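Take a look at the structure set out below.
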Amino acid sequence: MKKEAKARIKINKLLREAGWRFFDNENDPANIQLEPNVKIQEKDIDEFGKDFQKTSNGYVDFLLLDKRKFPFIVLEAKSEDKDPLSGKEQARRYAQTLDVKLIILSNGNLHYFWNLEHGNPQIITKFPTPESANHFKYYKPDPKKLAEKEVREDYIALTQYPGYKEDPRWDDKIQREALINERNLVFLRPYQLGAIKALQNAAKQGQERYLFEMATGTGKTLVSAAVIKLFLKTGNAKRILFLVDRLELENQAYKNFIDYLKNDFSTVIYKENRDDWNKAEIVVSTVQSLSSNNKYQKLFSPTDFDMIISDEAHRSINGNSRAVFEYFVGYKLGLTATPKDYIKNIEDISELDPRKWERRQLLDTYKTFGCESGDPTFRYSLLDGVKGSYLVSPVVADARTEISTQLLSDKGYSVMVPNEEDDDEERTFYQKDFEKKFFSEKTNRMFCKTFMENALKDPISGEIGKSIVFCVSQNHASKITQILNEYADEMFPDKYSSDFAVQVTSVIPNAQQFTINYANNHLNGYTNILENYKSSKTRVCVTVGMMTTGYDCKDIMNLCLMRPIFSPTNFVQIKGRGTRRFTFKYTKQKGDYKEEIEIEKKKFKLFDFFANVEYFEEKYNYDEVLKVPQISGSGGLSEEPTISLDEIKIFKPDPLKSLNVEAVGLQGMRVDRELFDRFKEQVKKDGFIKEKFKKGDIHAVEDYVREEVFDKPEDFFNLKKLRKAVKTDRRVSLREFIDYIFGGITKFKSKDEMLEEEFDKFISIYKPESKYVPYIKNYLKAYVTDSNIREIIENKQYAKFAHNAKISLEEFKALNSWRDTVPEYVKDYISINAYI
């Protein structure tokens, strides 16, 4: 079959799947499909005539019709070996003759969407639906209007309360603050206005992608609200998607947009409004809920949103999540608190070093928003915030134990442990192994003791200031919580009831509410150290990842890193939990005498037990170096360290005693099928799982299943058994099993279906020229599924492709620079194990 015919067949199929009514000039009008399974009738074309798809410049390849059967979109088709853009000018002439402004350019494999009245053709991986494209009839973006709109400090306040200046209280300086608090009015700070002005200047120059690099705590969500209002009010957007990477941020963004913009625009969280989200102007969603199993391709059309905003862009569009971001056409705005140059001096480190991957992600983020030079559209750093008196700086305390110091060294921490034959052998552990392969009770105790003795105090009550401790895992958090409470009992008798420290992780019921109560200063009630002082009784929240991003608790005095951190984004976000300014207030009363006490938060302390600051900022000069006592074998303190074996736990595998092999029929064993049914039943009836799944907290569900469901009597469920119970040609993930059980997906995709989706992601992210597309698809699939091909690439034995059945030497040469890009993409974003 000719390549042109193949292309037309593919295009026909894609148009039918999208639900279009269309004319195809290659077919007899009497046989043209108006929609799936419905043949066109003469009455459908009588008002135009049988050749109405013919223009004065020739025949339109495909003419897409609106609901009234009027011409709506011109689709110019090219053969598979032609670049769709080669038909650009021809399609323009057809569109102008038919008085339509929308064009699709396609060769069956690569597609472009083009609004003649705005911008250039943009790659799409799926045809828009008629319903989605219909809003373009009324969508008329005007960059000039966007750039010239005056935005003042009360831009948001005018939406919240348009008549605030006419309110008599506004002219009274004493009552003005009461009015602002009552109405919760917000006013843009000078640097926030600067961010908006920078975007307007970029739009004036024709740019459609923008990046704001702003320190944590500088109000990126408020700036986003102003940008959203600016685009919606000037007609440069009709619907906006706001992407976040955490559930906490999803709820926080939703509440903020309601508070800021509800009088002018409606805001919804997608998962709570699946049936009517398109009635809102602002849609908020976690990127995970859309990217999981590539749901976004089924849920949305590429033209559903005119602007996409990515909150903490380095996280919400990193890896494969970037495909969600690039799937949609329209304006793009990224927000990040992580500077591109945050990781320094890492050019010569191993490719396996996590900082290498992070650096690539940071560079990709800047490139995504057209900032390859490293200069974002707008920048406002932590130092700028401190100088402007909007933020506070940390006092960084270097606190390393003898063991953590050795774990951090290049040589690692070596210890003699029994092997499978009960002989002692030397094992070496490194920082990444702490609380994963290497467990030290005495080290954890020393961490906690050092923290308790050196933490900053609450300036009013004198008790340990509110703190967040970051741990390696759920189990580690549980241990640290227990140790902290034990120390609190010793140091502050009768003041706490095992509630000095509280574990706040995803497996803890109501953990999300704990974070809210802590911020509102009544977690487990109010402090009993000072009567009538409104501060939380619980002084320390012990977490893993829940309180790292977007958590706003301004009176935090201490942050404690009892874990190594490899991501600069995580480190910046964690540090940002303490940078907010705060005024501690207390009314001291004795009889009729009252004294109002106000003390400003001047600093916070960052305890660094694993040299995380030094990891990212070479030769960092710590503000405070804590002398941590060495650990003795008995658990006490001594001059010289001795390590006892009871301090370390190594999980020793049970050696294999026998092996029996038995063939199983094509239907699988009944016991396997029944096991999956029992797993499904147990998961569906578990209240905790149902609640978390409904809220979209899949990470919490996965953690809970691993901790509370897997490897428990009587069935001893695990992934290996579940995969055996379902017939697939690849490894199904736990998330897919959970999605399937609750109806999120109706089947497990095959290996090839998954690879096709991965290819679509690659295309949307990298946007290769048409001539490379077929080669890239074959190369990507082969590289993922064939270990021999990966070995050839890794060892640079390219001559072997001369006799390879999957990739010929000619095809490999034709890939050009994509030969390196595809393997790098796979290594970073695709789990090869899932396809084995």
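Quick note on naming: the chains in the structure tokens go A, B, ... in the order shown, residues restart at 1 in each chain, and ligands are numbered from 1 in order of appearance.
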
What's the 8 Å shell around A:Phe470, counting only C-alpha atoms, without same-chain residues fewer than 5 positions away, as an mmCIF file with C-alpha atoms, in the first residue's frame?
data_model
loop_
_atom_site.group_PDB
_atom_site.id
_atom_site.type_symbol
_atom_site.label_atom_id
_atom_site.label_comp_id
_atom_site.auth_asym_id
_atom_site.auth_seq_id
_atom_site.Cartn_x
_atom_site.Cartn_y
_atom_site.Cartn_z
ATOM 1 C CA ALA A 477 9.451 8.097 61.288
ATOM 2 C CA VAL A 542 7.779 13.688 62.200
ATOM 3 C CA THR A 543 7.246 13.043 58.511
ATOM 4 C CA VAL A 544 8.771 11.618 55.354
ATOM 5 C CA GLY A 545 7.396 13.645 52.459
ATOM 6 C CA LEU A 559 13.751 21.831 60.657
ATOM 7 C CA CYS A 560 15.628 18.596 61.196
ATOM 8 C CA LEU A 561 17.058 16.481 58.361
ATOM 9 C CA MET A 562 17.519 12.974 59.742
ATOM 10 C CA ARG A 563 17.894 11.682 56.233
#

Picked from stretch 64-122 of chain A by DSSP as strand (DSSP E), as a PDB file with C-alpha atoms, in the first residue's frame:
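Saved result, states_34.pdb, follows:
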ATOM      1  CA  LEU A  64     -14.225  18.964   9.262  1.00  0.00           C
ATOM      2  CA  LEU A  65     -17.715  20.269   9.968  1.00  0.00           C
ATOM      3  CA  PRO A  71     -16.922  24.183   7.378  1.00  0.00           C
ATOM      4  CA  PHE A  72     -14.915  24.357  10.614  1.00  0.00           C
ATOM      5  CA  ILE A  73     -11.396  22.901  10.231  1.00  0.00           C
ATOM      6  CA  VAL A  74      -9.254  22.274   7.167  1.00  0.00           C
ATOM      7  CA  LEU A  75      -7.137  19.130   7.463  1.00  0.00           C
ATOM      8  CA  GLU A  76      -4.252  18.929   5.013  1.00  0.00           C
ATOM      9  CA  ALA A  77      -2.972  15.367   4.620  1.00  0.00           C
ATOM     10  CA  LEU A 102      -8.392  26.321  12.272  1.00  0.00           C
ATOM     11  CA  ILE A 103      -6.063  23.922  10.461  1.00  0.00           C
ATOM     12  CA  ILE A 104      -4.707  20.439  11.161  1.00  0.00           C
ATOM     13  CA  LEU A 105      -1.602  19.257   9.298  1.00  0.00           C
ATOM     14  CA  SER A 106      -0.973  15.502   9.395  1.00  0.00           C
ATOM     15  CA  HIS A 111       0.050  16.077  13.569  1.00  0.00           C
ATOM     16  CA  TYR A 112       0.020  19.858  13.992  1.00  0.00           C
ATOM     17  CA  PHE A 113      -2.802  22.088  15.208  1.00  0.00           C
ATOM     18  CA  TRP A 114      -2.828  25.676  13.957  1.00  0.00           C
ATOM     19  CA  ASN A 115      -4.991  28.670  14.772  1.00  0.00           C
ATOM     20  CA  HIS A 118      -2.636  33.205  16.693  1.00  0.00           C
ATOM     21  CA  GLY A 119       0.854  31.734  16.711  1.00  0.00           C
ATOM     22  CA  ASN A 120       2.431  28.854  14.821  1.00  0.00           C
ATOM     23  CA  PRO A 121       1.408  25.234  14.245  1.00  0.00           C
ATOM     24  CA  GLN A 122       1.859  23.158  17.414  1.00  0.00           C
TER      25      GLN A 122
END

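Distance-wise, atom CA of A:Glu153 and atom CA of A:Arg239 end up 24.2 Å apart.
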
Can you pull out the residues contacting A:Phe607? Cut-off 10 Å, using only C-alpha atoms, and skip same-chain residues under 3 positions away; I want them as an NGL selection string. :A and (394-400 or 447 or 450-451 or 454-455 or 469 or 558-562 or 604 or 610-612 or 624-626)

Got time to write the residues from that selection, C-alpha atoms, as a PDB file, in the first residue's frame?
ATOM      1  CA  PRO A 394      18.164  29.756  58.410  1.00  0.00           C
ATOM      2  CA  VAL A 395      20.919  29.076  60.888  1.00  0.00           C
ATOM      3  CA  VAL A 396      22.348  25.841  59.515  1.00  0.00           C
ATOM      4  CA  ALA A 397      23.687  23.405  62.128  1.00  0.00           C
ATOM      5  CA  ASP A 398      26.123  20.717  61.003  1.00  0.00           C
ATOM      6  CA  ALA A 399      25.405  17.749  63.274  1.00  0.00           C
ATOM      7  CA  ARG A 400      27.113  14.501  62.264  1.00  0.00           C
ATOM      8  CA  PHE A 447      20.112  12.419  66.378  1.00  0.00           C
ATOM      9  CA  THR A 450      21.225  16.406  69.738  1.00  0.00           C
ATOM     10  CA  PHE A 451      18.051  17.955  68.390  1.00  0.00           C
ATOM     11  CA  ASN A 454      20.033  22.359  70.643  1.00  0.00           C
ATOM     12  CA  ALA A 455      16.636  23.246  69.155  1.00  0.00           C
ATOM     13  CA  VAL A 469      11.653  16.274  61.399  1.00  0.00           C
ATOM     14  CA  ASN A 558      13.369  24.118  63.641  1.00  0.00           C
ATOM     15  CA  LEU A 559      13.751  21.831  60.657  1.00  0.00           C
ATOM     16  CA  CYS A 560      15.628  18.596  61.196  1.00  0.00           C
ATOM     17  CA  LEU A 561      17.058  16.481  58.361  1.00  0.00           C
ATOM     18  CA  MET A 562      17.519  12.974  59.742  1.00  0.00           C
ATOM     19  CA  PHE A 604      15.027  29.325  62.182  1.00  0.00           C
ATOM     20  CA  PHE A 610      23.811  14.164  56.609  1.00  0.00           C
ATOM     21  CA  ALA A 611      25.711  17.148  55.171  1.00  0.00           C
ATOM     22  CA  ASN A 612      22.876  17.864  52.747  1.00  0.00           C
ATOM     23  CA  GLU A 624      26.924  26.311  63.708  1.00  0.00           C
ATOM     24  CA  VAL A 625      28.885  23.088  64.108  1.00  0.00           C
ATOM     25  CA  LEU A 626      27.446  20.901  66.869  1.00  0.00           C
TER      26      LEU A 626
END

Cut-off 9 Å: closest stretch 449-497 of chain A/stretch 582-588 of chain A atom pairs per residue, using only C-alpha atoms, as JSON lines:
{"residue": "A:Asp458", "atom": "CA", "partner": "A:Phe584", "partner_atom": "CA", "distance": 8.6}
{"residue": "A:Pro459", "atom": "CA", "partner": "A:Phe584", "partner_atom": "CA", "distance": 7.5}
{"residue": "A:Ile460", "atom": "CA", "partner": "A:Phe584", "partner_atom": "CA", "distance": 7.0}

What's around A:Leu391 at 10 Å? Count only C-alpha atoms, leave out sequence neighbours fewer than 3 positions away in its own chain, and write the answer as a VMD selection string. chain A and resid 215 to 218 382 to 388 394 576 578 to 582 601 to 603

Atom CA of A:Thr129 to atom CA of A:Asp66, distance in Å rounded to a single decimal: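 Straight-line distance from atom CA of A:Thr129 to atom CA of A:Asp66 works out to 10.7 Å.
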
Excluding A:Asn273 and its own-chain neighbours fewer than 4 positions away, which residues fall within 12 Å of it when counting only C-alpha atoms? Please give them as a count of residues only. 11

Contacts of stretch 330-335 of chain A at 8 Å (only C-alpha atoms; same-chain gap of 2+ positions) as a ChimeraX atom specification: /A:208-214,220,303,305-313,328,337,369

Could those residues be written to a file, using C-alpha atoms, as an mmCIF file, in the first residue's frame?
data_model
loop_
_atom_site.group_PDB
_atom_site.id
_atom_site.type_symbol
_atom_site.label_atom_id
_atom_site.label_comp_id
_atom_site.auth_asym_id
_atom_site.auth_seq_id
_atom_site.Cartn_x
_atom_site.Cartn_y
_atom_site.Cartn_z
ATOM 1 C CA GLU A 208 4.023 32.173 24.821
ATOM 2 C CA ARG A 209 6.060 30.330 27.464
ATOM 3 C CA TYR A 210 7.140 31.891 30.739
ATOM 4 C CA LEU A 211 9.081 30.779 33.823
ATOM 5 C CA PHE A 212 9.001 32.387 37.261
ATOM 6 C CA GLU A 213 11.876 31.393 39.561
ATOM 7 C CA MET A 214 10.696 32.530 42.987
ATOM 8 C CA LYS A 220 3.749 32.118 43.739
ATOM 9 C CA THR A 303 -7.448 22.068 22.936
ATOM 10 C CA PHE A 305 -7.199 24.568 27.906
ATOM 11 C CA ASP A 306 -5.784 27.825 26.595
ATOM 12 C CA MET A 307 -3.185 28.101 29.336
ATOM 13 C CA ILE A 308 -1.399 25.534 31.485
ATOM 14 C CA ILE A 309 0.354 26.573 34.692
ATOM 15 C CA SER A 310 2.782 24.186 36.332
ATOM 16 C CA ASP A 311 3.312 24.809 40.036
ATOM 17 C CA GLU A 312 6.867 23.878 41.080
ATOM 18 C CA ALA A 313 7.557 23.060 37.450
ATOM 19 C CA PHE A 328 -2.071 20.661 25.479
ATOM 20 C CA ALA A 337 11.710 27.646 43.615
ATOM 21 C CA PHE A 369 9.923 27.395 28.939
#

From the list A:Gln192, A:Ile174, A:Ile11, A:Gly744, the nearest residue to A:Phe378 using only C-alpha atoms is A:Gln192

Between A:Lys140, A:Lys367, A:Tyr615, A:Ala805, which one has atoms that come closest to A:Pro568, using only C-alpha atoms?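 Ranked by minimum distance to A:Pro568, first place goes to A:Tyr615.
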
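From atom CA of A:Ser321 back to atom CA of A:Lys13, the distance works out to 27.2 Å.
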
Kindly assemble as JSON lines a list of the stretch 218-304 of chain A residues that lie within 12 Å of stretch 758-779 of chain A, each paired with its nearest atom pair and their distance in Å to one decimal, using only C-alpha atoms, sorted first by chain and then by ascending residue number.
{"residue": "A:Ser291", "atom": "CA", "partner": "A:Lys761", "partner_atom": "CA", "distance": 10.5}
{"residue": "A:Asn293", "atom": "CA", "partner": "A:Glu758", "partner_atom": "CA", "distance": 10.6}
{"residue": "A:Asn294", "atom": "CA", "partner": "A:Glu758", "partner_atom": "CA", "distance": 9.1}
{"residue": "A:Tyr296", "atom": "CA", "partner": "A:Lys761", "partner_atom": "CA", "distance": 11.3}
{"residue": "A:Gln297", "atom": "CA", "partner": "A:Asp760", "partner_atom": "CA", "distance": 10.0}
{"residue": "A:Pro302", "atom": "CA", "partner": "A:Ser764", "partner_atom": "CA", "distance": 11.0}

Nearest to A:Lys605, chosen from A:Val392, A:Leu815, A:Val504, A:Ala802, with only C-alpha atoms counted in the distances: A:Val392

Could you name the residues that touch A:Val683 at 9 Å or less, counting only C-alpha atoms, but leaving out those on the same chain fewer than 4 positions away, as a ChimeraX atom specification? /A:678-679,687,689-690,705,709,738,741

Next, the residues of the selection above should be written as a CSV table (one decimal), in the first residue's frame with N, CA, C and O atoms.
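out-v6.csv, written as the output of this step:
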chain,number,residue,atom,x,y,z
A,678,ARG,N,-9.4,-12.7,46.0
A,678,ARG,CA,-9.4,-12.5,47.4
A,678,ARG,C,-8.7,-11.1,47.7
A,678,ARG,O,-9.1,-10.4,48.6
A,679,PHE,N,-7.6,-10.9,47.0
A,679,PHE,CA,-6.9,-9.6,47.1
A,679,PHE,C,-7.8,-8.4,46.8
A,679,PHE,O,-7.9,-7.4,47.5
A,687,GLY,N,-11.6,0.3,54.7
A,687,GLY,CA,-12.0,1.7,54.8
A,687,GLY,C,-10.9,2.7,54.5
A,687,GLY,O,-11.2,3.7,53.9
A,689,ILE,N,-8.2,2.3,52.7
A,689,ILE,CA,-7.9,2.4,51.2
A,689,ILE,C,-8.9,3.1,50.4
A,689,ILE,O,-8.6,3.9,49.6
A,690,LYS,N,-10.2,2.8,50.7
A,690,LYS,CA,-11.3,3.5,50.0
A,690,LYS,C,-11.3,5.0,50.2
A,690,LYS,O,-11.4,5.7,49.2
A,705,VAL,N,-0.9,-0.7,51.4
A,705,VAL,CA,-1.0,-2.0,50.9
A,705,VAL,C,0.3,-2.8,51.1
A,705,VAL,O,0.3,-3.9,51.6
A,709,VAL,N,-1.1,-5.0,53.9
A,709,VAL,CA,-1.8,-6.1,53.2
A,709,VAL,C,-0.8,-7.2,52.7
A,709,VAL,O,-1.1,-8.4,52.8
A,738,ILE,N,-4.4,-1.3,41.8
A,738,ILE,CA,-5.4,-0.5,42.6
A,738,ILE,C,-6.4,0.2,41.7
A,738,ILE,O,-7.6,0.2,42.0
A,741,ILE,N,-8.9,-2.3,40.4
A,741,ILE,CA,-9.9,-2.8,41.4
A,741,ILE,C,-11.0,-1.7,41.7
A,741,ILE,O,-12.1,-2.1,41.8

Enumerate as an NGL selection string all residues of stretch 425-627 of chain A assigned to helix (DSSP H, G or I) by DSSP on the backbone, naming them with the chain letters and numbers the document uses. :A and (431-433 or 441-454 or 474-491 or 511-519 or 568-576 or 612-616)

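Of the listed residues (A:Ala198, A:Leu63, A:Leu179, A:Leu146), A:Leu146 comes nearest to A:Ile228; the distances count only C-alpha atoms.
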